[in-house]
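Asker: My structure is in entry_34.txt, and what it holds is compact mmCIF, C-alpha atoms and all ligand atoms:
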# COMPACT_ATOMS: atom_id res chain seq x y z
CA MET A 1 69.52 101.82 112.47
CA ILE A 2 71.61 104.93 112.28
CA LEU A 3 73.32 105.74 109.03
CA ALA A 4 76.92 105.04 110.11
CA GLU A 5 75.90 101.67 111.47
CA ARG A 6 74.06 100.78 108.27
CA LEU A 7 77.01 101.76 106.11
CA HIS A 8 79.26 99.68 108.31
CA THR A 9 77.04 96.63 107.83
CA GLU A 10 76.90 97.21 104.08
CA ASP A 11 80.68 97.49 103.94
CA ASN A 12 81.02 94.18 105.71
CA VAL A 13 78.61 92.43 103.38
CA ALA A 14 80.40 93.82 100.34
CA ARG A 15 83.82 92.81 101.63
CA GLU A 16 82.66 89.34 102.59
CA LEU A 17 81.06 88.80 99.18
CA ILE A 18 84.24 89.78 97.35
CA GLU A 19 86.32 87.53 99.60
CA THR A 20 83.95 84.60 99.13
CA GLU A 21 83.99 84.91 95.33
CA HIS A 22 87.78 85.10 95.47
CA LEU A 23 87.93 81.87 97.49
CA ILE A 24 85.54 80.18 95.07
CA GLY A 25 87.86 81.20 92.22
CA ILE A 26 90.82 79.58 93.99
CA LEU A 27 88.79 76.41 94.57
CA GLN A 28 87.81 76.38 90.89
CA LEU A 29 91.49 76.58 90.02
CA LYS A 30 92.18 73.59 92.21
CA ALA A 31 89.28 71.68 90.65
CA SER A 32 90.61 72.53 87.18
CA ARG A 33 94.03 71.17 87.94
CA LEU A 34 92.50 67.97 89.33
CA ALA A 35 90.11 67.66 86.39
CA ALA A 36 92.98 67.80 83.89
CA GLU A 37 94.90 65.25 85.93
CA LEU A 38 91.95 62.91 86.08
CA SER A 39 91.37 63.31 82.36
CA ALA A 40 94.97 62.23 81.72
CA THR A 41 94.73 59.11 83.94
CA ARG A 42 91.86 57.71 81.83
CA ARG A 43 90.31 56.40 85.00
CA TRP A 44 86.99 57.52 83.51
CA ASP A 45 87.54 55.02 80.68
CA SER A 46 88.15 52.08 82.99
CA GLU A 47 85.00 53.04 84.93
CA GLY A 48 82.97 52.86 81.74
CA TYR A 49 82.46 56.56 80.98
CA ASN A 50 82.81 57.99 77.47
CA SER A 51 84.95 60.90 78.50
CA ALA A 52 86.39 62.71 81.50
CA GLY A 53 83.65 65.29 81.04
CA ASP A 54 81.01 62.57 81.31
CA TRP A 55 82.67 61.18 84.42
CA MET A 56 82.57 64.63 86.00
CA ARG A 57 78.94 65.17 85.12
CA PHE A 58 77.95 62.10 87.12
CA LYS A 59 80.59 62.01 89.84
CA CYS A 60 80.90 65.74 90.52
CA GLN A 61 77.35 66.69 89.64
CA VAL A 62 78.25 69.51 87.30
CA THR A 63 76.98 70.42 83.84
CA ASN A 64 78.78 69.42 80.68
CA THR A 65 79.97 73.01 80.13
CA VAL A 66 81.41 73.32 83.63
CA ALA A 67 83.19 69.94 83.33
CA TRP A 68 84.88 70.82 80.05
CA ASP A 69 85.75 74.33 81.23
CA ARG A 70 87.54 72.83 84.23
CA ILE A 71 89.45 70.32 82.10
CA ARG A 72 90.41 72.92 79.51
CA VAL A 73 91.63 75.42 82.11
CA GLY A 74 93.57 72.66 83.92
CA GLU A 75 95.24 71.57 80.70
CA GLU A 76 96.27 75.10 79.75
CA LEU A 77 97.48 76.23 83.18
CA HIS A 78 101.11 75.50 82.38
CA ARG A 79 100.95 78.10 79.59
CA MET A 80 99.52 80.85 81.81
CA PRO A 81 101.35 80.87 85.14
CA GLU A 82 101.08 84.65 85.54
CA SER A 83 97.35 84.54 85.02
CA GLU A 84 96.98 81.76 87.55
CA GLN A 85 98.88 83.90 90.03
CA ALA A 86 96.59 86.84 89.18
CA VAL A 87 93.58 84.74 90.25
CA TYR A 88 95.29 83.97 93.58
CA ASP A 89 96.03 87.67 93.99
CA GLY A 90 92.42 88.57 93.26
CA GLU A 91 93.34 90.65 90.21
CA ILE A 92 91.28 88.60 87.79
CA GLY A 93 88.58 85.99 88.26
CA TYR A 94 88.27 82.37 87.24
CA ALA A 95 85.93 83.51 84.46
CA HIS A 96 88.82 85.45 82.91
CA LEU A 97 90.94 82.33 83.09
CA LYS A 98 88.31 80.34 81.17
CA VAL A 99 88.52 82.85 78.33
CA MET A 100 92.29 82.72 78.48
CA ALA A 101 92.34 78.89 78.27
CA ARG A 102 89.88 78.89 75.40
CA THR A 103 92.07 81.34 73.50
CA ALA A 104 95.21 79.28 74.22
CA GLU A 105 93.48 76.20 72.88
CA VAL A 106 92.33 77.92 69.68
CA VAL A 107 95.48 79.84 68.73
CA GLY A 108 97.93 77.13 69.81
CA ALA A 109 101.58 78.16 69.68
CA LYS A 110 100.66 81.79 69.01
CA PHE A 111 99.21 82.15 72.50
CA ASP A 112 100.81 84.92 74.49
CA GLU A 113 99.65 85.21 78.05
CA LEU A 114 101.43 88.49 78.59
CA MET A 115 99.47 90.20 75.84
CA LEU A 116 96.14 89.10 77.25
CA LEU A 117 96.65 89.47 80.98
CA PRO A 118 96.64 93.29 81.04
CA LEU A 119 93.35 93.21 79.12
CA ALA A 120 91.89 90.73 81.61
CA ARG A 121 92.90 92.94 84.54
CA ASP A 122 91.12 95.92 82.97
CA THR A 123 87.85 94.37 81.86
CA SER A 124 84.90 92.33 82.99
CA PRO A 125 84.92 88.67 81.87
CA GLY A 126 82.28 89.33 79.19
CA LYS A 127 84.19 92.24 77.71
CA PHE A 128 87.42 90.26 78.01
CA TYR A 129 85.95 87.49 75.87
CA TYR A 130 85.14 90.10 73.23
CA LYS A 131 88.70 91.45 73.38
CA SER A 132 90.11 87.94 73.19
CA LEU A 133 88.42 87.59 69.80
CA HIS A 134 90.31 90.65 68.61
CA PHE A 135 93.47 89.00 69.88
CA ARG A 136 92.64 85.84 67.96
CA HIS A 137 92.15 87.88 64.85
CA ALA A 138 95.40 89.78 65.43
CA VAL A 139 97.55 86.66 65.82
CA ASP A 140 95.93 84.61 63.08
CA ALA A 141 93.49 86.46 60.88
CA LYS A 142 93.21 83.55 58.48
CA ALA A 143 92.19 81.06 61.16
CA TYR A 144 89.74 83.57 62.60
CA CYS A 145 88.22 84.09 59.18
CA ALA A 146 87.93 80.33 58.72
CA GLU A 147 86.17 80.08 62.07
CA GLN A 148 83.72 82.82 61.12
CA THR A 149 83.12 81.17 57.77
CA GLU A 150 82.31 77.96 59.54
CA LEU A 151 79.80 79.82 61.67
CA VAL A 152 78.15 81.14 58.51
CA GLU A 153 78.01 77.60 57.17
CA ASN A 154 76.05 76.59 60.24
CA ARG A 155 73.29 79.11 59.60
CA ARG A 156 69.75 77.85 59.30
CA LEU A 157 66.23 79.02 59.83
CA SER A 158 63.32 76.69 60.07
CA LEU A 159 59.75 77.82 59.61
CA SER A 160 57.01 75.32 60.20
CA THR A 161 53.33 75.80 60.53
CA ALA A 162 51.69 74.19 63.52
CA GLU A 163 48.26 72.63 63.31
CA ASP A 164 46.64 75.76 64.71
CA GLY A 165 48.31 77.89 62.03
CA CYS A 166 50.98 79.41 64.27
CA LEU A 167 54.40 79.73 62.72
CA LEU A 168 57.19 78.01 64.65
CA VAL A 169 60.50 79.75 64.13
CA SER A 170 63.86 78.43 65.17
CA GLY A 171 67.34 78.78 63.84
CA VAL A 172 70.90 79.93 64.13
CA LEU A 173 72.42 82.95 62.43
CA ASP A 174 76.10 83.70 62.08
CA PRO A 175 77.38 86.65 64.16
CA VAL A 176 77.24 89.18 61.34
CA GLY A 177 73.85 88.09 60.04
CA GLY A 178 72.60 87.92 63.62
CA ALA A 179 73.82 91.44 64.32
CA ALA A 180 72.01 92.73 61.24
CA VAL A 181 68.77 91.15 62.47
CA ARG A 182 69.26 92.51 66.00
CA THR A 183 69.96 95.98 64.62
CA ALA A 184 66.67 95.89 62.74
CA LEU A 185 64.64 94.35 65.59
CA GLU A 186 65.97 96.13 68.68
CA PRO A 187 64.48 99.58 67.99
CA LEU A 188 61.12 97.98 67.22
CA ALA A 189 61.24 95.82 70.34
CA ARG A 190 61.49 98.76 72.71
CA LYS A 191 58.58 99.31 75.05
CA SER A 192 55.92 101.42 73.42
CA GLY A 193 54.92 103.81 76.14
CA ALA A 194 53.74 103.49 79.70
CA GLY A 195 51.60 100.43 80.41
CA ASP A 196 53.45 98.31 77.87
CA ASP A 197 53.86 95.21 79.98
CA ARG A 198 54.94 92.82 77.22
CA GLU A 199 57.91 90.62 78.05
CA LEU A 200 61.02 91.02 75.89
CA GLU A 201 60.36 87.81 73.96
CA ARG A 202 56.88 88.96 73.08
CA ARG A 203 58.23 92.34 72.02
CA TYR A 204 60.74 90.59 69.74
CA ALA A 205 57.91 88.60 68.19
CA ASP A 206 55.91 91.77 67.59
CA ALA A 207 59.02 93.49 66.24
CA LEU A 208 59.58 90.76 63.70
CA VAL A 209 56.02 91.01 62.43
CA GLU A 210 56.26 94.78 62.39
CA LEU A 211 59.47 94.53 60.41
CA ALA A 212 57.72 92.34 57.89
CA CYS A 213 54.71 94.64 57.60
CA GLY A 214 56.03 98.10 58.23
CA GLY A 215 58.32 100.65 56.74
CA LYS A 216 57.24 100.03 53.19
CA PRO A 217 53.88 99.43 51.60
CA ALA A 218 53.02 95.83 52.37
CA ASN A 219 52.25 93.75 49.39
CA LEU A 220 49.94 91.19 50.85
CA HIS A 221 47.47 89.56 48.56
CA VAL A 222 44.34 89.00 50.51
CA THR A 223 41.07 87.82 49.15
CA ALA A 224 37.86 88.12 51.06
CA THR A 225 34.24 88.60 50.39
CA ILE A 226 32.39 91.78 51.22
CA GLU A 227 30.44 89.80 53.82
CA THR A 228 33.67 88.90 55.59
CA LEU A 229 34.90 92.46 55.45
CA LYS A 230 31.68 93.65 56.98
CA GLY A 231 31.93 90.97 59.69
CA MET A 232 28.57 89.52 58.76
CA VAL A 233 27.39 86.39 60.52
CA GLY A 234 27.94 83.26 58.44
CA ALA A 235 30.69 84.74 56.29
CA ALA A 236 33.75 82.64 55.53
CA GLY A 237 37.21 83.81 56.55
CA GLY A 238 39.58 85.72 54.28
CA GLU A 239 42.51 84.12 52.56
CA MET A 240 46.17 84.98 52.37
CA GLU A 241 49.13 82.99 51.13
CA PHE A 242 50.96 81.03 53.85
CA SER A 243 48.18 81.59 56.35
CA LEU A 244 45.14 79.85 57.68
CA PRO A 245 41.85 81.67 57.00
CA LEU A 246 41.91 85.19 58.41
CA SER A 247 39.28 86.53 60.75
CA SER A 248 37.06 89.35 59.61
CA SER A 249 38.68 91.66 62.20
CA THR A 250 42.07 91.04 60.62
CA ILE A 251 40.70 91.65 57.14
CA GLU A 252 39.10 94.82 58.45
CA ARG A 253 42.46 96.02 59.82
CA MET A 254 44.32 95.19 56.63
CA ALA A 255 41.72 96.95 54.57
CA CYS A 256 41.70 99.91 56.96
CA ASP A 257 44.68 101.63 55.37
CA CYS A 258 44.48 99.48 52.29
CA SER A 259 47.84 97.86 52.95
CA VAL A 260 46.46 94.80 51.20
CA SER A 261 46.68 94.83 47.48
CA ARG A 262 43.18 93.71 46.78
CA VAL A 263 39.96 92.38 48.14
CA LEU A 264 37.77 90.16 46.07
CA LEU A 265 34.16 91.07 46.32
CA SER A 266 32.60 87.81 45.41
CA GLU A 267 29.00 88.93 45.19
CA GLU A 268 29.53 89.91 41.62
CA SER A 269 32.85 88.07 41.48
CA VAL A 270 34.69 91.27 40.71
CA VAL A 271 38.15 91.97 41.93
CA ILE A 272 38.37 95.45 43.31
CA ASP A 273 41.86 96.75 43.52
CA ILE A 274 41.62 98.64 46.76
CA GLY A 275 45.18 99.85 46.47
CA ARG A 276 44.13 102.07 43.60
CA SER A 277 40.78 103.11 44.93
CA ARG A 278 40.22 106.52 46.44
CA ARG A 279 40.16 104.97 49.92
CA VAL A 280 43.87 104.47 49.97
CA ILE A 281 45.76 106.67 52.39
CA ALA A 282 48.71 107.65 50.25
CA GLY A 283 50.40 110.61 48.62
CA PRO A 284 49.36 114.05 49.95
CA ALA A 285 46.77 112.54 52.34
CA LYS A 286 49.42 110.31 53.97
CA ARG A 287 51.93 113.17 54.10
CA ALA A 288 49.38 115.44 55.77
CA LEU A 289 48.50 112.67 58.25
CA ASN A 290 52.18 112.02 59.02
CA ALA A 291 52.80 115.73 59.53
CA ARG A 292 49.81 116.15 61.83
CA ASP A 293 50.29 113.06 64.03
CA GLY A 294 54.06 112.58 63.73
CA HIS A 295 53.89 109.18 65.35
CA CYS A 296 51.43 106.58 66.63
CA VAL A 297 48.65 108.45 68.45
CA TRP A 298 48.20 105.80 71.16
CA PRO A 299 49.02 107.58 74.44
CA GLY A 300 52.67 107.06 75.29
CA CYS A 301 53.57 105.36 72.01
CA GLU A 302 56.13 107.02 69.83
CA ARG A 303 56.54 104.67 66.89
CA PRO A 304 57.50 107.00 64.04
CA ALA A 305 55.10 107.73 61.21
CA SER A 306 57.03 105.61 58.74
CA TRP A 307 56.19 102.55 60.84
CA CYS A 308 52.53 103.39 61.22
CA ASP A 309 49.33 102.56 59.41
CA GLY A 310 46.67 105.11 58.71
CA HIS A 311 43.61 104.08 60.69
CA HIS A 312 40.07 105.14 59.82
CA LEU A 313 38.30 106.07 63.06
CA VAL A 314 35.09 105.15 61.28
CA HIS A 315 35.98 102.36 58.88
CA TRP A 316 35.31 103.10 55.24
CA ILE A 317 33.33 99.91 55.03
CA ARG A 318 30.88 101.58 57.46
CA GLY A 319 30.84 104.78 55.50
CA GLY A 320 33.80 106.54 57.11
CA SER A 321 35.58 109.02 54.90
CA THR A 322 39.27 109.15 54.04
CA ASP A 323 39.48 112.79 55.12
CA LEU A 324 42.17 113.78 57.56
CA ASP A 325 39.54 114.23 60.25
CA ASN A 326 38.68 110.54 60.19
CA LEU A 327 42.29 109.32 60.13
CA VAL A 328 44.95 108.76 62.77
CA LEU A 329 48.35 107.10 62.74
CA LEU A 330 48.66 103.81 64.63
CA CYS A 331 51.65 101.51 64.87
CA HIS A 332 51.18 97.89 63.96
CA ARG A 333 50.60 96.73 67.52
CA HIS A 334 48.10 99.44 68.38
CA HIS A 335 46.33 99.08 65.06
CA TRP A 336 45.97 95.41 65.92
CA LYS A 337 44.59 96.31 69.36
CA VAL A 338 41.88 98.44 67.82
CA HIS A 339 40.73 95.94 65.22
CA GLU A 340 41.42 92.46 66.56
CA GLY A 341 41.91 93.42 70.20
CA GLY A 342 38.53 95.07 70.57
CA TRP A 343 39.79 98.43 71.88
CA GLN A 344 38.03 101.61 70.83
CA LEU A 345 39.57 104.93 70.04
CA VAL A 346 37.56 107.94 71.04
CA LYS A 347 38.36 111.47 69.98
CA THR A 348 37.68 113.96 72.76
CA ASP A 349 36.52 117.52 72.24
CA ASP A 350 40.15 118.61 72.63
CA ARG A 351 40.97 116.28 69.72
CA ASP A 352 42.89 113.96 72.06
CA ILE A 353 42.71 110.26 71.34
CA VAL A 354 41.60 108.10 74.25
CA PRO A 355 41.71 104.32 74.02
CA ILE A 356 38.87 102.45 75.70
CA ALA A 357 39.56 98.89 76.80
CA PRO A 358 37.23 96.16 75.54
CA THR A 359 34.23 95.60 77.76
CA ILE A 360 34.54 92.42 79.69
CA THR A 361 31.39 90.44 79.16
CA PHE A 362 32.28 86.98 80.34
CA GLY A 363 30.91 85.86 83.67
CA ARG A 364 27.82 88.00 83.21
CA GLY A 365 24.58 86.23 83.98
CA PRO A 366 21.79 86.03 81.41
CA ASP A 367 19.90 89.31 81.15
ZN ZN B 401 42.38 100.66 61.32
ZN ZN B 402 51.62 102.58 68.87
Take the structure I supplied and represent it as structure tokens, if you would.
Ligand SMILES: [Zn+2]
Ligand SMILES: [Zn+2]
Answerer:
Amino acid sequence: MILAERLHTEDNVARELIETEHLIGILQLKASRLAAELSATRRWDSEGYNSAGDWMRFKCQVTNTVAWDRIRVGEELHRMPESEQAVYDGEIGYAHLKVMARTAEVVGAKFDELMLLPLARDTSPGKFYYKSLHFRHAVDAKAYCAEQTELVENRRLSLSTAEDGCLLVSGVLDPVGGAAVRTALEPLARKSGAGDDRELERRYADALVELACGGKPANLHVTATIETLKGMVGAAGGEMEFSLPLSSSTIERMACDCSVSRVLLSEESVVIDIGRSRRVIAGPAKRALNARDGHCVWPGCERPASWCDGHHLVHWIRGGSTDLDNLVLLCHRHHWKVHEGGWQLVKTDDRDIVPIAPTITFGRGPD
């Protein structure tokens, strides 16, 4: 297809899409008016439904939200004639009108269509909703504050441990508290380099754990035997408050930069405070490591040094030293990959760090 012809086709598609959405908006207006009328007749009551919204859910096959949006818009139309006209004229969409109706309902007599309509014309529906909140604050700061306070009152966070030890998290945070959490999590939830194929939800989960572990010296009390730390066959798991027994790989990672406060060596039943031993990567050693690596050394990862652990290329438990030569910076996720995930880090002659994926052994016949 030649270019002019293709552009012509694209133009047609674009125009037709805009026209179709405009027509849908006008139909939604009509449905809103009818929905409000039906709600007022109480026909739904005589037919045995709890509410007009319920009636619509079953008779019109729409969701609860759609039903109540229609009714609300229909009921508020008399207070926003100019906005209704703007939908007919294609200046704003039905989505703008929903925001408008919601605002009218909340602020009552203080509603002023003419203050909001110019904003609706200039912004997308999402942005318009945001601006409508400013309007609500402007016309009745006290009521807005009360609303926000109510949102804070609804806050909750539930943490429950499933049978397999996983932590189930669910909850609701008020807008301000939520924003604080997002601000802390978002930078940590960014993709860490090429090949990071984690979905957003998984990155949020990792970010939350990283937030809990990183940035400051973790103060996790872990107890484990030397056998566990060495990964010896028959050793019991390690222990940490709020957790099921930890695997030896996890203990090994935690002990790697001594972010745990102590490990109990049960052979002689002595508590060795690793945090104060010479193996700890702190002070000048940590500063030198931060200066040399700058960020996580995993190719493509740029988590800053302050969020990284010091990793012993040869673990101290296997005789590795805590000299700069044996240390690299790894972010929480990549440190996990190396210890629990079975990856290996190899230092090339050019002092580059190359990660080697775990060898896949399953499916191999007996040899
Ligand atoms: Zn390590
Ligand atoms: Zn990393």
Asker: Could you give me, as a list in words, the residues within 10 Å of range 191-204 of chain A, counting all atoms listed in the file and dropping anything in the same chain fewer than 4 positions from it?
Answerer: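 Residues meeting the cut-off are Arg182, Leu185, Glu186, Pro187, Leu208, Val209, Glu210, Cys296, Trp298, Pro299, Gly300, Cys301, Glu302, Arg303, Cys331, Arg333 and His334 of chain A.
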Asker: Residues near range 86-98 of chain A, anyone? I mean within 12 Å using all atoms listed in the file, not counting same-chain ones fewer than 6 positions away, as a ChimeraX atom specification.
Answerer: /A:18-32,65-77,79-80,104-105,113-114,116-132
Asker: Compile the contact shell of Val139 in chain A as a PyMOL selection string: residues with an atom at most 8 Å away, counting only C-alpha atoms, same-chain residues fewer than 4 positions apart removed.
Answerer: chain A and resi 107+110+135
Asker: What's the 9 Å shell around Cys166 in chain A, counting only C-alpha atoms, without same-chain residues fewer than 3 positions away, as a count of residues only?
Answerer: 6
Asker: Can you pull out every residue with an atom within 9 Å of ligand ZN 401 (chain B)? Use all atoms listed in the file and format it as a list in words.
Answerer: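 The distance check yields Glu252, Arg253, Met254, Ala255, Cys256, Asp257, Asp309, Gly310, His311, His312, Leu313, Val314, His315, Leu327, Val328, Leu329, Leu330, His335, Trp336, Val338 and His339 of chain A.
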Asker: May I ask which of the residues A:Cys60, A:Ala357, A:Val297, A:Val152 is the closest one to ligand ZN 402 (chain B), counting all atoms listed in the file?
Answerer: A:Val297
Asker: Between A:Ser249, A:Thr228, A:Ser306, A:Thr41, single out the one closest to ligand ZN 402 (chain B), counting all atoms listed in the file.
Answerer: A:Ser306
Asker: May I ask which of the residues A:Ala288, A:Leu188, A:Ala205, A:Ala282 is the closest one to ligand ZN 402 (chain B), counting only C-alpha atoms and all ligand atoms?
Answerer: A:Leu188
Asker: Taking all atoms listed in the file into account, name the residue in A:Trp316, A:Trp55, A:Trp307, A:Trp343 that is nearest to ligand ZN 402 (chain B).
Answerer: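 Looking only at the distances to ligand ZN 402 (chain B), the closest residue turns out to be A:Trp307.
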Asker: Go through A:Ala109, A:His332, A:Pro175, A:His221 and flag the residue nearest Ala207 in chain A, using only C-alpha atoms for the distances.
Answerer: A:His332
Asker: Record the distance separating CA of Ile251 in chain A and CA of Asp206 in chain A, expressed in Å with one decimal.
Answerer: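 A separation of 18.5 Å between them.
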Asker: Of the residues A:Trp44, A:Pro355, A:Arg15, A:His134, which is the one nearest to ligand ZN 402 (chain B), using all atoms listed in the file?
Answerer: A:Pro355
Asker: Record the distance separating CA of Thr223 in chain A and CA of Glu239 in chain A, expressed in Å with one decimal.
Answerer: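 Atom-to-atom, CA of Thr223 in chain A to CA of Glu239 in chain A, that is 5.2 Å.
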Asker: How big is the axis-aligned box around the listed atoms of range 349-356 of chain A once 3 Å is added on each side, and where is its centre? Give both in Å to one decimal, as JSON.
Answerer:
{"center_x": 39.7, "center_y": 110.5, "center_z": 72.7, "size_x": 12.4, "size_y": 22.2, "size_z": 12.0}
Asker: Would you compute the distance between CA of Ala224 in chain A and CA of Leu167 in chain A? Give it in Å to one decimal.
Answerer: 21.9 Å
Asker: Might you pull out every residue within 8 Å of range 145-151 of chain A, with all atoms listed in the file counted and same-chain residues fewer than 4 positions away left off, and present them as a ChimeraX atom specification?
Answerer: /A:137,141,155,174-175
Asker: Working from the structure I just supplied, which lacks atoms in range 73-84 of chain A, can you model N, CA and C atoms there and output them as a PDB file, in the frame of the given file?
Answerer:
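Output file result_29.pdb is given in full below:
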ATOM      1  N   VAL A  73      90.805  74.496  81.312  1.00  0.00           N
ATOM      2  CA  VAL A  73      91.630  75.420  82.110  1.00  0.00           C
ATOM      3  C   VAL A  73      92.807  74.645  82.719  1.00  0.00           C
ATOM      4  N   GLY A  74      92.515  73.472  83.291  1.00  0.00           N
ATOM      5  CA  GLY A  74      93.570  72.660  83.920  1.00  0.00           C
ATOM      6  C   GLY A  74      94.674  72.312  82.931  1.00  0.00           C
ATOM      7  N   GLU A  75      94.252  71.968  81.707  1.00  0.00           N
ATOM      8  CA  GLU A  75      95.240  71.570  80.700  1.00  0.00           C
ATOM      9  C   GLU A  75      96.092  72.726  80.197  1.00  0.00           C
ATOM     10  N   GLU A  76      95.542  73.936  80.277  1.00  0.00           N
ATOM     11  CA  GLU A  76      96.270  75.100  79.750  1.00  0.00           C
ATOM     12  C   GLU A  76      97.043  75.865  80.831  1.00  0.00           C
ATOM     13  N   LEU A  77      96.872  75.453  82.087  1.00  0.00           N
ATOM     14  CA  LEU A  77      97.480  76.230  83.180  1.00  0.00           C
ATOM     15  C   LEU A  77      98.993  76.417  83.026  1.00  0.00           C
ATOM     16  N   HIS A  78      99.653  75.396  82.503  1.00  0.00           N
ATOM     17  CA  HIS A  78     101.110  75.500  82.380  1.00  0.00           C
ATOM     18  C   HIS A  78     101.531  76.603  81.413  1.00  0.00           C
ATOM     19  N   ARG A  79     100.605  77.042  80.547  1.00  0.00           N
ATOM     20  CA  ARG A  79     100.950  78.100  79.590  1.00  0.00           C
ATOM     21  C   ARG A  79     100.551  79.483  80.099  1.00  0.00           C
ATOM     22  N   MET A  80      99.937  79.534  81.297  1.00  0.00           N
ATOM     23  CA  MET A  80      99.520  80.850  81.810  1.00  0.00           C
ATOM     24  C   MET A  80      99.776  80.979  83.313  1.00  0.00           C
ATOM     25  N   PRO A  81     101.028  80.812  83.708  1.00  0.00           N
ATOM     26  CA  PRO A  81     101.350  80.870  85.140  1.00  0.00           C
ATOM     27  C   PRO A  81     101.060  82.237  85.761  1.00  0.00           C
ATOM     28  N   GLU A  82     101.298  83.295  84.995  1.00  0.00           N
ATOM     29  CA  GLU A  82     101.080  84.650  85.540  1.00  0.00           C
ATOM     30  C   GLU A  82      99.584  84.891  85.788  1.00  0.00           C
ATOM     31  N   SER A  83      98.794  84.351  84.882  1.00  0.00           N
ATOM     32  CA  SER A  83      97.350  84.540  85.020  1.00  0.00           C
ATOM     33  C   SER A  83      96.829  83.749  86.206  1.00  0.00           C
ATOM     34  N   GLU A  84      97.381  82.563  86.396  1.00  0.00           N
ATOM     35  CA  GLU A  84      96.980  81.760  87.550  1.00  0.00           C
ATOM     36  C   GLU A  84      97.291  82.533  88.828  1.00  0.00           C
TER      37      GLU A  84
END
